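Here is coords_21.txt, consisting of compact mmCIF, C-alpha atoms:
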# COMPACT_ATOMS: atom_id res chain seq x y z
CA VAL Q 87 0.00 0.00 0.00
CA ASN Q 88 2.87 2.34 0.72
CA GLU Q 89 4.46 1.52 -2.58
CA SER Q 90 4.93 4.77 -4.53
CA TYR Q 91 3.19 5.20 -7.86
CA PRO Q 92 4.86 7.42 -10.42
CA GLY Q 93 1.78 8.15 -12.63
CA ASP Q 94 -0.94 10.85 -12.56
CA ASP Q 95 -3.56 11.37 -9.82
CA ALA Q 96 -6.29 9.24 -11.43
CA GLY Q 97 -3.80 6.45 -12.02
CA ARG Q 98 -2.58 6.74 -8.45
CA CYS Q 99 -6.11 6.44 -7.08
CA GLU Q 100 -6.76 3.36 -9.19
CA HIS Q 101 -3.42 1.89 -8.19
CA GLU Q 102 -4.09 2.52 -4.48
CA ALA Q 103 -7.56 1.00 -4.72
CA ARG Q 104 -6.12 -2.09 -6.39
CA MET Q 105 -3.34 -2.34 -3.81
CA SER Q 106 -5.85 -1.88 -1.02
CA THR Q 107 -7.99 -4.73 -2.36
CA ALA Q 108 -4.94 -6.89 -2.85
CA SER Q 109 -3.68 -6.23 0.67
CA PHE Q 110 -7.10 -6.98 2.14
CA TRP Q 111 -6.98 -10.34 0.41
CA THR Q 112 -3.59 -10.95 2.03
CA PHE Q 113 -5.04 -9.92 5.39
CA PHE Q 114 -8.06 -12.18 4.89
CA GLU Q 115 -5.88 -15.11 3.81
CA LYS Q 116 -3.63 -14.63 6.84
CA TYR Q 117 -6.26 -14.18 9.53
CA ASP Q 118 -9.60 -15.69 8.47
CA SER Q 119 -8.90 -19.31 9.45
CA ARG Q 120 -6.92 -18.32 12.53
CA LEU Q 121 -9.70 -16.02 13.76
CA ARG Q 122 -12.45 -18.62 13.21
CA ARG Q 123 -10.55 -21.41 14.93
CA TYR Q 124 -9.48 -19.16 17.80
CA LEU Q 125 -13.12 -18.17 18.41
CA ILE Q 126 -14.30 -21.77 18.13
CA ALA Q 127 -11.72 -22.81 20.73
CA ARG Q 128 -12.90 -20.01 23.03
CA THR Q 129 -16.66 -20.25 23.00
CA ALA Q 130 -19.27 -22.86 23.77
CA ASP Q 131 -21.13 -22.18 20.53
CA SER Q 132 -19.34 -22.54 17.21
CA VAL Q 133 -22.22 -20.86 15.34
CA LEU Q 134 -21.70 -17.79 17.48
CA ALA Q 135 -17.97 -18.01 16.79
CA GLU Q 136 -18.49 -18.11 13.01
CA GLN Q 137 -20.92 -15.20 13.20
CA ILE Q 138 -18.49 -13.05 15.17
CA ALA Q 139 -15.62 -13.95 12.82
CA ASP Q 140 -17.69 -12.86 9.81
CA GLU Q 141 -18.86 -9.63 11.42
CA THR Q 142 -15.38 -8.68 12.62
CA MET Q 143 -13.80 -9.39 9.24
CA MET Q 144 -16.55 -7.39 7.55
CA TYR Q 145 -15.94 -4.48 9.90
CA ALA Q 146 -12.23 -4.66 9.08
CA ARG Q 147 -13.00 -4.59 5.37
CA ASP Q 148 -15.41 -1.65 5.69
CA LYS Q 149 -12.78 0.32 7.60
CA TRP Q 150 -9.81 -1.05 5.69
CA ASP Q 151 -8.24 2.31 4.84
CA ARG Q 152 -8.23 3.29 8.50
CA LEU Q 153 -7.12 -0.13 9.63
CA LEU Q 154 -4.01 0.29 7.50
CA THR Q 155 -2.98 3.21 9.72
CA ILE Q 156 -2.96 1.02 12.85
CA ASP Q 157 0.32 -0.47 14.05
CA LYS Q 158 -0.97 -4.00 14.64
CA PRO Q 159 -4.06 -4.71 12.54
CA GLY Q 160 -3.93 -8.39 13.53
CA SER Q 161 -3.95 -7.52 17.21
CA TRP Q 162 -6.85 -5.11 16.61
CA LEU Q 163 -8.80 -7.85 14.83
CA PHE Q 164 -8.49 -10.31 17.71
CA THR Q 165 -9.20 -7.64 20.33
CA VAL Q 166 -12.38 -6.53 18.58
CA ALA Q 167 -13.56 -10.11 18.07
CA THR Q 168 -12.74 -11.04 21.68
CA ASN Q 169 -14.52 -7.99 23.05
CA ARG Q 170 -17.62 -8.77 21.02
CA LEU Q 171 -17.52 -12.43 22.03
CA ASN Q 172 -17.14 -11.59 25.73
CA ARG Q 173 -20.04 -9.16 25.73
CA LEU Q 174 -22.34 -11.47 23.78
CA GLU Q 175 -21.45 -14.38 26.03
CA ALA Q 176 -22.09 -12.28 29.14
CA THR Q 177 -25.50 -11.32 27.76
CA TYR Q 178 -26.39 -14.91 26.80
CA ARG Q 179 -25.12 -16.20 30.12
CA ARG Q 180 -27.35 -13.78 32.03
CA ALA Q 181 -30.30 -14.95 29.93
CA ASN Q 182 -29.27 -18.58 30.47
CA PHE Q 183 -28.92 -19.13 26.71
CA LEU Q 184 -25.39 -20.48 26.79
CA ARG Q 185 -24.85 -24.20 27.35
CA GLU Q 186 -21.52 -24.55 29.08
CA ASP Q 187 -21.39 -28.21 30.04
CA LEU Q 188 -19.16 -31.00 28.81
CA ASN Q 189 -21.81 -32.71 26.65
CA SER Q 190 -22.80 -29.50 24.90
CA PHE Q 191 -19.15 -28.59 24.30
CA GLU Q 192 -18.49 -32.01 22.83
CA ASN Q 193 -21.57 -32.13 20.60
CA ASP Q 194 -20.86 -28.64 19.30
CA LEU Q 195 -17.24 -29.55 18.53
CA ARG Q 196 -18.16 -32.81 16.79
CA ALA Q 197 -20.50 -30.87 14.50
CA VAL Q 198 -17.90 -28.28 13.54
CA ALA Q 199 -15.16 -30.92 13.20
CA LYS Q 200 -17.03 -32.44 10.25
CA LYS Q 201 -16.32 -29.26 8.29
CA ASP Q 202 -12.83 -28.48 9.56
CA GLU Q 203 -10.00 -31.00 9.68
CA TRP Q 204 -7.88 -28.77 11.92
CA ILE Q 205 -10.62 -28.86 14.56
CA GLU Q 206 -11.20 -32.57 14.03
CA THR Q 207 -7.60 -33.46 14.84
CA ARG Q 208 -7.56 -31.22 17.90
CA ILE Q 209 -10.89 -31.95 19.54
CA ASP Q 210 -9.30 -33.08 22.81
CA LEU Q 211 -7.23 -29.93 23.10
CA ILE Q 212 -10.15 -27.61 22.27
CA LEU Q 213 -12.40 -29.46 24.69
CA ALA Q 214 -9.79 -29.10 27.44
CA LEU Q 215 -9.46 -25.39 26.61
CA ARG Q 216 -13.21 -24.83 26.70
CA LEU Q 217 -13.34 -26.38 30.17
CA LEU Q 218 -10.85 -23.88 31.61
CA PRO Q 219 -12.04 -20.82 33.57
CA ARG Q 220 -12.83 -18.00 31.15
CA HIS Q 221 -9.89 -15.67 31.82
CA GLN Q 222 -7.45 -18.57 31.61
CA VAL Q 223 -8.78 -19.82 28.29
CA GLU Q 224 -8.78 -16.26 26.97
CA VAL Q 225 -5.10 -15.77 27.76
CA ILE Q 226 -4.00 -19.21 26.52
CA THR Q 227 -5.91 -19.02 23.24
CA LEU Q 228 -4.88 -15.42 22.56
CA HIS Q 229 -1.25 -16.28 23.27
CA TYR Q 230 -0.93 -19.61 21.50
CA LEU Q 231 -3.71 -19.71 18.89
CA ALA Q 232 -3.99 -16.02 18.03
CA ASP Q 233 -0.22 -15.53 18.43
CA GLN Q 234 -0.60 -12.39 20.55
CA LYS Q 235 2.07 -11.03 22.87
CA LEU Q 236 1.36 -10.95 26.60
CA THR Q 237 1.52 -7.14 26.63
CA ASP Q 238 -1.11 -6.96 23.88
CA ILE Q 239 -3.27 -9.45 25.77
CA ALA Q 240 -2.95 -7.33 28.92
CA HIS Q 241 -4.13 -4.29 26.91
CA ALA Q 242 -7.04 -6.23 25.46
CA MET Q 243 -8.14 -7.59 28.85
CA ASN Q 244 -7.42 -4.37 30.72
CA VAL Q 245 -5.33 -6.12 33.34
CA SER Q 246 -1.63 -6.01 34.19
CA VAL Q 247 0.92 -8.23 32.47
CA GLY Q 248 1.45 -9.90 35.86
CA THR Q 249 -2.20 -10.91 35.95
CA VAL Q 250 -1.96 -12.24 32.39
CA LYS Q 251 1.08 -14.33 33.37
CA GLN Q 252 -0.82 -15.63 36.37
CA HIS Q 253 -3.78 -16.70 34.21
CA LEU Q 254 -1.39 -18.30 31.73
CA SER Q 255 0.44 -20.21 34.43
CA ARG Q 256 -2.74 -21.40 36.18
CA GLY Q 257 -4.38 -22.37 32.88
CA LEU Q 258 -1.35 -24.33 31.73
CA ALA Q 259 -1.18 -26.05 35.12
CA ARG Q 260 -4.78 -27.22 34.68
CA LEU Q 261 -4.10 -28.40 31.13
CA ARG Q 262 -1.07 -30.36 32.30
CA GLN Q 263 -3.31 -32.31 34.66
CA ASP Q 264 -5.91 -33.16 32.02
CA PRO Q 265 -5.87 -36.98 31.60
CA HIS Q 266 -7.26 -36.86 28.04
CA LEU Q 267 -4.57 -34.45 26.90
CA ARG Q 268 -1.90 -36.59 28.52
CA ALA Q 269 -3.12 -39.56 26.47
CA VAL Q 270 -3.07 -37.45 23.28
CA ILE Q 271 0.44 -36.17 23.95
CA GLU Q 272 1.68 -39.69 24.70
CA LEU Q 273 0.15 -40.86 21.44
CA THR Q 274 1.78 -38.10 19.39
CA ARG Q 275 5.08 -38.86 21.14
CA ARG Q 276 4.93 -42.42 19.81
CA ILE Q 277 4.29 -41.25 16.24
CA PRO Q 278 7.50 -40.08 14.59
CA ALA Q 279 7.30 -36.60 13.06
CA VAL C 264 1.19 -34.59 35.01
CA ILE C 265 2.50 -33.33 31.68
CA ALA C 266 5.79 -31.44 31.88
CA ASP C 267 5.84 -27.66 31.31
CA GLU C 268 7.93 -27.81 28.15
CA GLU C 269 5.91 -30.67 26.76
CA MET C 270 2.65 -28.76 27.13
CA ASP C 271 4.21 -25.65 25.63
CA ASP C 272 5.48 -27.65 22.64
CA PHE C 273 2.12 -29.35 22.24
CA LEU C 274 0.26 -26.03 22.16
CA ARG C 275 2.76 -24.46 19.77
CA ASP C 276 2.61 -27.49 17.46
CA SER C 277 -1.18 -27.37 17.49
CA ALA C 278 -1.18 -23.66 16.70
CA ALA C 279 1.46 -23.97 13.98
CA THR C 280 -1.09 -24.93 11.36
CA ILE C 281 -4.06 -22.93 12.64
CA ASP C 282 -3.98 -20.49 9.73
CA GLN C 283 -3.65 -23.18 7.11
CA ALA C 284 -6.48 -24.02 4.75
CA SER C 285 -6.40 -25.26 1.20
CA GLU C 286 -6.27 -22.59 -1.49
CA ALA C 287 -9.62 -23.75 -2.83
CA VAL C 288 -11.27 -23.38 0.59
CA THR C 289 -9.75 -19.93 1.17
CA CYS C 290 -10.77 -18.71 -2.29
CA ARG C 291 -14.30 -20.03 -1.88
CA ARG C 292 -14.62 -18.45 1.54
CA TYR C 293 -13.26 -15.14 0.26
CA ALA C 294 -15.69 -15.16 -2.67
CA GLU C 295 -18.60 -15.86 -0.31
CA PHE C 296 -17.37 -13.17 2.05
CA MET C 297 -17.07 -10.54 -0.69
CA GLU C 298 -20.47 -11.50 -2.04
CA ALA C 299 -22.00 -11.08 1.43
CA CYS C 300 -20.22 -7.73 1.82
CA GLN C 301 -21.48 -6.42 -1.51
CA ALA C 302 -25.02 -7.72 -1.04
CA ARG C 303 -25.57 -5.35 1.90
CA THR C 304 -27.52 -2.16 1.43
CA GLU C 305 -26.00 1.11 2.57
CA ARG C 306 -28.33 1.10 5.58
CA GLN C 307 -27.24 -2.41 6.52
CA VAL C 308 -23.59 -1.38 6.34
CA LEU C 309 -24.23 1.63 8.58
CA ASN C 310 -26.21 -0.49 11.03
CA GLN C 311 -23.44 -3.09 11.22
CA GLN C 312 -20.80 -0.45 11.80
CA ALA C 313 -22.91 1.26 14.45
CA ASP C 314 -23.41 -2.10 16.12
CA MET C 315 -19.66 -2.77 16.21
CA ASN C 316 -19.02 0.74 17.55
CA THR C 317 -21.61 0.14 20.27
CA TYR C 318 -19.56 -2.77 21.59
CA ALA C 319 -16.42 -0.65 21.68
CA GLU C 320 -18.27 2.17 23.43
CA ALA C 321 -19.78 -0.26 25.95
CA ARG C 322 -16.29 -1.46 26.76
CA ASP C 323 -15.14 2.14 27.22
CA LYS C 324 -18.06 2.67 29.59
CA ASP C 325 -17.13 -0.42 31.62
CA LEU C 326 -13.58 0.87 31.82
CA ALA C 327 -14.84 4.27 32.99
CA ASP C 328 -16.97 2.58 35.69
CA TYR C 329 -13.99 0.51 36.77
CA GLU C 330 -11.79 3.60 37.03
CA ARG C 331 -14.46 5.45 39.04
CA ALA C 332 -14.52 2.49 41.42
CA GLU C 333 -10.75 2.66 41.81
CA ARG C 334 -10.91 6.39 42.55
CA ALA C 335 -13.69 5.88 45.09
CA GLN C 336 -11.70 3.08 46.71
CA ALA C 337 -8.61 5.30 46.86
CA ILE C 338 -10.44 7.93 48.93
CA GLY C 339 -11.99 5.24 51.15
CA ASP C 340 -15.58 5.46 49.90
CA LEU C 341 -16.22 1.71 49.89
CA HIS C 342 -19.95 1.86 49.18
CA MET C 343 -19.40 4.04 46.12
CA ALA C 344 -16.54 1.80 44.98
CA ALA C 345 -18.85 -1.22 45.33
CA GLU C 346 -21.51 0.53 43.24
CA TRP C 347 -19.13 1.14 40.32
CA TYR C 348 -17.43 -2.27 40.53
CA ARG C 349 -20.91 -3.84 40.55
CA LYS C 350 -21.73 -2.13 37.26
CA ALA C 351 -18.47 -3.29 35.65
CA ALA C 352 -18.90 -6.80 37.07
CA GLY C 353 -22.37 -7.00 35.51
CA ASN C 354 -20.62 -7.09 32.13
CA GLU C 355 -17.85 -9.39 33.37
CA PHE C 356 -15.31 -6.62 32.82
CA ALA C 357 -11.70 -7.53 33.70
CA ASP C 358 -11.35 -8.55 37.38
CA SER C 359 -14.23 -6.37 38.59
CA ALA C 360 -16.04 -9.33 40.23
CA LEU C 361 -13.01 -10.03 42.41
CA LYS C 362 -12.57 -6.35 43.23
CA LEU C 363 -16.25 -6.11 44.15
CA ALA C 364 -15.97 -9.17 46.39
CA LYS C 365 -12.97 -7.72 48.22
CA ILE C 366 -14.63 -4.34 48.72
CA LEU C 367 -17.76 -6.03 50.08
CA GLU C 368 -15.64 -8.10 52.42
CA LEU C 369 -14.04 -4.91 53.71
CA ILE C 370 -17.49 -3.44 54.24
CA ALA C 371 -18.52 -6.55 56.19
CA GLU C 372 -15.33 -6.38 58.25
CA ARG C 373 -15.97 -2.75 59.14
CA HIS C 374 -19.59 -3.53 59.94
CA VAL C 375 -18.54 -6.18 62.44
CA ALA C 376 -15.88 -3.88 63.92
CA THR C 377 -18.41 -1.09 64.52
CA PRO C 378 -18.65 -0.27 68.28
CA GLY C 379 -21.86 -1.71 69.66
CA HIS C 380 -22.13 -4.42 67.00
CA ARG C 381 -23.77 -7.42 68.66
CA ALA C 382 -25.28 -9.66 66.01
CA ALA C 383 -25.51 -10.03 62.25
CA SER C 384 -28.08 -7.67 60.79
CA GLY C 385 -30.00 -7.85 57.52
CA GLU C 386 -27.52 -5.46 55.93
CA LEU C 387 -24.58 -7.62 56.92
CA PHE C 388 -26.31 -10.74 55.58
CA HIS C 389 -26.87 -8.95 52.28
CA VAL C 390 -23.23 -7.80 52.04
CA VAL C 391 -21.90 -11.26 52.89
CA GLU C 392 -24.26 -12.88 50.39
CA GLU C 393 -23.18 -10.61 47.55
CA ALA C 394 -19.50 -10.94 48.48
CA SER C 395 -19.86 -14.73 48.38
CA TYR C 396 -21.48 -14.66 44.94
CA SER C 397 -18.79 -12.27 43.69
CA TYR C 398 -15.98 -14.50 44.96
CA ILE C 399 -17.61 -17.46 43.20
CA ALA C 400 -17.88 -15.37 40.00
CA ALA C 401 -14.17 -14.53 40.33
CA TYR C 402 -13.42 -18.22 40.82
CA MET C 403 -15.46 -19.11 37.74
CA VAL C 404 -13.35 -16.86 35.51
CA GLY C 405 -10.12 -18.06 37.10
CA ASP C 406 -9.17 -14.94 39.06
CA ILE C 407 -8.83 -17.00 42.26
CA GLU C 408 -8.19 -20.67 42.87
CA THR C 409 -10.14 -23.16 44.97
CA ASP C 410 -8.04 -22.70 48.13
CA GLU C 411 -8.46 -18.96 48.17
CA LEU C 412 -12.18 -19.27 47.45
CA GLY C 413 -12.55 -21.61 50.43
CA THR C 414 -10.62 -19.28 52.71
CA ARG C 415 -12.61 -16.24 51.64
CA LEU C 416 -16.00 -17.92 52.03
CA ASP C 417 -14.99 -19.27 55.41
CA GLN C 418 -13.96 -15.80 56.52
CA LEU C 419 -17.24 -14.34 55.28
CA ILE C 420 -19.21 -16.84 57.37
CA ASN C 421 -17.13 -15.85 60.37
CA TYR C 422 -18.42 -12.30 60.01
CA LEU C 423 -21.93 -13.65 60.49
CA ASP C 424 -20.95 -15.73 63.49
CA PRO C 425 -17.62 -14.77 65.09
CA THR C 426 -18.01 -17.52 67.70
CA ARG C 427 -18.06 -20.24 65.05
CA ALA C 428 -15.05 -22.52 64.88
CA SER C 429 -13.54 -21.90 61.47
CA SER C 430 -13.11 -24.94 59.25
CA ARG C 431 -9.89 -23.44 57.92
CA PRO C 432 -7.04 -21.43 59.38
CA VAL C 433 -8.11 -17.79 59.13
CA LEU C 434 -5.83 -15.63 57.05
CA ILE C 435 -5.55 -11.88 57.48
CA ILE C 436 -6.59 -11.13 53.94
CA ALA C 437 -9.69 -9.03 54.18
CA ALA C 438 -7.96 -5.71 53.60
CA SER C 439 -5.88 -6.90 50.67
CA THR C 440 -6.99 -5.73 47.24
CA ASP C 441 -3.60 -5.95 45.58
CA GLU C 442 -3.03 -7.39 42.12
CA PRO C 443 -0.19 -9.87 41.60
CA GLU C 444 2.25 -7.11 40.67
CA THR C 445 1.29 -4.05 42.62
CA ASN C 446 3.89 -1.70 41.16
CA GLU C 447 2.95 -2.38 37.61
CA PRO C 448 0.48 0.10 36.12
CA ARG C 449 -2.61 -1.39 34.60
CA PRO C 450 -2.36 -0.64 30.88
CA ARG C 451 -4.92 1.46 29.16
CA PRO C 452 -6.63 -0.45 26.39
CA GLU C 453 -6.37 0.64 22.80
CA SER C 454 -9.51 1.97 21.29
CA LEU C 455 -11.48 -0.70 19.48
CA SER C 456 -13.65 1.66 17.53
CA LEU C 457 -12.17 2.56 14.21
CA ALA C 458 -14.43 5.59 14.26
CA SER C 459 -12.07 7.03 16.84
CA VAL C 460 -8.82 6.25 15.06
CA ASP C 461 -8.80 9.72 13.54
CA ASP C 462 -9.42 11.28 16.93
CA GLU C 463 -6.62 9.49 18.76
CA LEU C 464 -5.60 12.59 20.69
CA ARG C 465 -9.11 13.34 21.89
CA PRO C 466 -9.72 12.38 25.55
CA ARG C 467 -11.17 8.92 25.90
CA GLN C 468 -14.82 8.56 26.67
CA GLY C 469 -15.48 8.62 30.36
CA THR C 470 -11.98 9.58 31.49
CA HIS C 471 -12.76 13.26 31.76
CA LEU C 472 -16.18 12.86 33.30
CA GLU C 473 -16.96 12.03 36.85
CA GLN C 474 -14.75 12.39 39.88
CA ALA C 475 -14.71 9.80 42.61
CA GLY C 476 -17.74 11.10 44.44
CA ASP C 477 -20.06 10.98 41.45
CA GLN C 478 -23.25 9.06 41.79
CA PRO C 479 -23.68 6.12 39.44
CA SER C 480 -26.77 6.32 37.31
CA THR C 481 -29.48 3.83 38.18
CA ARG C 482 -30.51 1.37 35.50
Show the structure stored in the file as structure tokens.
Amino acid sequence: VNESYPGDDAGRCEHEARMSTASFWTFFEKYDSRLRRYLIARTADSVLAEQIADETMMYARDKWDRLLTIDKPGSWLFTVATNRLNRLEATYRRANFLREDLNSFENDLRAVAKKDEWIETRIDLILALRLLPRHQVEVITLHYLADQKLTDIAHAMNVSVGTVKQHLSRGLARLRQDPHLRAVIELTRRIPA
Amino acid sequence: VIADEEMDDFLRDSAATIDQASEAVTCRRYAEFMEACQARTERQVLNQQADMNTYAEARDKDLADYERAERAQAIGDLHMAAEWYRKAAGNEFADSALKLAKILELIAERHVATPGHRAASGELFHVVEEASYSYIAAYMVGDIETDELGTRLDQLINYLDPTRASSRPVLIIAASTDEPETNEPRPRPESLSLASVDDELRPRQGTHLEQAGDQPSTR
């Protein structure tokens, strides 16, 4: 987008529009799958996750020119999606619309796994993540799945980096004790890379 | 128990391919996405953008409530602090449930320490009840662990009946509202609303408004 164009004004506008479209495609290609799978790992309802991913990506596209002026558009994308997810979940939870039990988590994941091989091969991990307390799963998924730095996560959650580290440490400790995950890790250990 | 490094490797390996999808799938999804974008009327686009901005503004409002609570707490107005933390906790904002619980516990502690206090009153029951729920809410999101939850609930029951034999060793924790790293400033969040990107230097919503003594609006 910042590439200079030596032609006239009309040509420059056309060039910038084309570059903008091209760069949005690059952005979409880079973040669409990651955003969807991150949201699916976070929430109890994969339909809600898909809906939020679509809306957030659409918002990014509508405001693409402004988004290009932001330092970390990827971080913005995950923060906006996370904020929307948290607020919607809080609303649904108050209204008792959200099913947050093991059976519901599992059924929801099995349904989405039919369409997505990445989910299918990681059902045990995602199930273990979904069972963590909410702040812990938020930090772990933002850090590992969304590839966000701890300082960016602290900004997004409005807590100190120390608190983020505490959630990360406690969440990982719970995951380490998960018997299903232990079986999965032992299995992958036996399979040569 | 899985080793630290092993879990870290497992998570990194799992995440390594999270952005991978076949070219055909990505192209199809992009085509569907662009079609959905272009099928919207101008009004629908405006509505969607307004909706997204509403979420960002709601978050700014929660942050403003949280900051008002902190200011009220700093000048020792616990009831006002509880009011603002309660509003933020209603939207599950940051660690406001835990902060609310600790403030309510302080209120209960002061209530019991009042000269002439003889028995638990209706007000004290109400404070202890809400503090208990708030500690459980904080536990649910992972802000405290099981041991601390048990200790806190046990202490709260002691306020109702000081003669009761505690089931756990009582810790002197009621006055503590510290975060894990007390010297570290809590970062200000970046604005989520792209509508405000152009106005980056303008004061954030809510930060210039009320002082600590302001009354929260009733819903």
(message) Using only C-alpha atoms, can you tell me which of Q:Thr207, Q:Thr155, Q:Asn244, Q:Ser255 comes closest to Ser277 in chain C?
(response)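 Under the stated criterion, the closest residue is Q:Thr207.
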(message) Between CA of Tyr124 in chain Q and CA of Ile281 in chain C, what distance in Å does the model show, to one decimal?
(response)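 Result for CA of Tyr124 in chain Q versus CA of Ile281 in chain C: 8.4 Å, one decimal.
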(message) Counting all atoms listed in the file, which residue out of C:Asp406, C:Glu411, C:Glu305, C:Glu368 sits closest to chain Q?
(response) C:Asp406
(message) With distances taken over all atoms listed in the file, which residue among C:Leu367, C:Ala335, C:Ile407, C:Val375 lies nearest chain Q?
(response) C:Ile407
(request) Work out how far apart CA of Arg123 in chain Q and CA of Ala401 in chain C are and give it in Å to one decimal. (result) 26.6 Å
Please report, as CSV, each residue of range 301-369 of chain C lying at most 10 Å from range 164-168 of chain Q, together with the nearest pair of atoms and the separation in Å rounded to one decimal; use all atoms listed in the file, and order rows by chain and ascending residue number.
residue,atom,partner,partner_atom,distance
C:Met315,CA,Q:Val166,CA,8.5
C:Asn316,CA,Q:Val166,CA,9.9
C:Tyr318,CA,Q:Val166,CA,8.6
C:Ala319,CA,Q:Val166,CA,7.8
(request) Determine the nearest neighbour of chain C from the options Q:Arg185, Q:Arg170, Q:Lys251, Q:Arg128, counting only C-alpha atoms. (result) Q:Arg170
(message) Please compute the CA of Arg322 in chain C-CA of Leu213 in chain Q distance, one decimal, in Å.
(response) 28.3 Å
(request) Rank C:Val390, C:Ala351, C:Leu412, C:Val264 by their smallest atom-to-atom distance to Asp328 in chain C, using all atoms listed in the file, and report the top residue only. (result)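 Counting all atoms listed in the file, the residue closest to Asp328 in chain C is C:Ala351.
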(message) What's around Glu175 in chain Q at 10 Å? Count all atoms listed in the file, leave out sequence neighbours fewer than 3 positions away in its own chain, and write the answer as a list of chain:residue names.
(response)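 Close residues of Glu175 in chain Q: Q:Thr129, Q:Ala130, Q:Asp131, Q:Leu134, Q:Asn169, Q:Arg170, Q:Leu171, Q:Asn172, Q:Tyr178, Q:Arg179, Q:Arg180, Q:Ala181, Q:Asn182, Q:Phe183, Q:Leu184, C:Asn354, C:Glu355.
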(request) Show which residues sit within 8 Å of range 265-275 of chain Q, as an MDAnalysis selection string. Count only C-alpha atoms, and ignore same-chain residues fewer than 3 positions away. (result) (chainID Q and resid 210:211 214 261:262 278) or (chainID C and resid 264:265 273)
(request) Pick out the closest residue to Leu236 in chain Q from this set: Q:Glu186, Q:Asp194, Q:Glu224, Q:Glu206. Count all atoms listed in the file. (result)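 For Leu236 in chain Q, the nearest of the candidates is Q:Glu224.
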(message) Neighbouring residues of range 138-153 of chain Q were defined as those with any atom within 6 Å, considering only C-alpha atoms; residues of the same chain fewer than 3 positions away were excluded. Please report them as a PyMOL selection string.
(response) chain Q and resi 122+135+156+167
(message) For a cutoff of 10 Å around the file-coordinate point (-13.5, 1.6, 33.9), which residues qualify once you count all atoms listed in the file? I'd like the result as an MDAnalysis selection string.
(response) (chainID Q and resid 244) or (chainID C and resid 322:333 347:348 350:351 356:357 359 451 469:470)
(request) Would you mind listing what lies within 7 Å of Leu341 in chain C as a PyMOL selection string, with all atoms listed in the file counted and same-chain residues fewer than 5 positions away left out? (result) chain C and resi 335-336+366+370
(message) Please list as number ranges by chain every residue within 9 Å of Leu423 in chain C, counting all atoms listed in the file and excluding residues in the same chain fewer than 4 positions away.
(response) C: 371, 375, 382-384, 387-388, 391, 419, 427
Save N, CA and C atoms of range 324-337 of chain C from the block above as a PDB file, in the first residue's frame.
ATOM      1  N   LYS C 324     -17.224   2.302  28.441  1.00  0.00           N
ATOM      2  CA  LYS C 324     -18.061   2.666  29.587  1.00  0.00           C
ATOM      3  C   LYS C 324     -17.711   1.781  30.796  1.00  0.00           C
ATOM      4  N   ASP C 325     -17.529   0.483  30.526  1.00  0.00           N
ATOM      5  CA  ASP C 325     -17.135  -0.423  31.617  1.00  0.00           C
ATOM      6  C   ASP C 325     -15.805   0.012  32.228  1.00  0.00           C
ATOM      7  N   LEU C 326     -14.887   0.416  31.349  1.00  0.00           N
ATOM      8  CA  LEU C 326     -13.579   0.869  31.821  1.00  0.00           C
ATOM      9  C   LEU C 326     -13.734   2.118  32.679  1.00  0.00           C
ATOM     10  N   ALA C 327     -14.607   3.033  32.227  1.00  0.00           N
ATOM     11  CA  ALA C 327     -14.835   4.268  32.992  1.00  0.00           C
ATOM     12  C   ALA C 327     -15.432   3.931  34.363  1.00  0.00           C
ATOM     13  N   ASP C 328     -16.378   2.990  34.406  1.00  0.00           N
ATOM     14  CA  ASP C 328     -16.971   2.576  35.685  1.00  0.00           C
ATOM     15  C   ASP C 328     -15.900   1.984  36.606  1.00  0.00           C
ATOM     16  N   TYR C 329     -15.059   1.170  36.018  1.00  0.00           N
ATOM     17  CA  TYR C 329     -13.993   0.509  36.775  1.00  0.00           C
ATOM     18  C   TYR C 329     -13.037   1.552  37.363  1.00  0.00           C
ATOM     19  N   GLU C 330     -12.712   2.551  36.562  1.00  0.00           N
ATOM     20  CA  GLU C 330     -11.790   3.600  37.031  1.00  0.00           C
ATOM     21  C   GLU C 330     -12.443   4.462  38.118  1.00  0.00           C
ATOM     22  N   ARG C 331     -13.746   4.707  37.995  1.00  0.00           N
ATOM     23  CA  ARG C 331     -14.458   5.454  39.041  1.00  0.00           C
ATOM     24  C   ARG C 331     -14.419   4.657  40.351  1.00  0.00           C
ATOM     25  N   ALA C 332     -14.574   3.353  40.226  1.00  0.00           N
ATOM     26  CA  ALA C 332     -14.521   2.491  41.415  1.00  0.00           C
ATOM     27  C   ALA C 332     -13.152   2.590  42.078  1.00  0.00           C
ATOM     28  N   GLU C 333     -12.109   2.574  41.247  1.00  0.00           N
ATOM     29  CA  GLU C 333     -10.754   2.661  41.805  1.00  0.00           C
ATOM     30  C   GLU C 333     -10.536   3.990  42.521  1.00  0.00           C
ATOM     31  N   ARG C 334     -11.063   5.061  41.925  1.00  0.00           N
ATOM     32  CA  ARG C 334     -10.907   6.389  42.555  1.00  0.00           C
ATOM     33  C   ARG C 334     -11.675   6.444  43.873  1.00  0.00           C
ATOM     34  N   ALA C 335     -12.887   5.883  43.865  1.00  0.00           N
ATOM     35  CA  ALA C 335     -13.688   5.876  45.091  1.00  0.00           C
ATOM     36  C   ALA C 335     -12.980   5.060  46.178  1.00  0.00           C
ATOM     37  N   GLN C 336     -12.415   3.945  45.768  1.00  0.00           N
ATOM     38  CA  GLN C 336     -11.695   3.081  46.714  1.00  0.00           C
ATOM     39  C   GLN C 336     -10.480   3.819  47.285  1.00  0.00           C
ATOM     40  N   ALA C 337      -9.810   4.587  46.420  1.00  0.00           N
ATOM     41  CA  ALA C 337      -8.609   5.300  46.855  1.00  0.00           C
ATOM     42  C   ALA C 337      -8.915   6.340  47.936  1.00  0.00           C
TER      43      ALA C 337
END
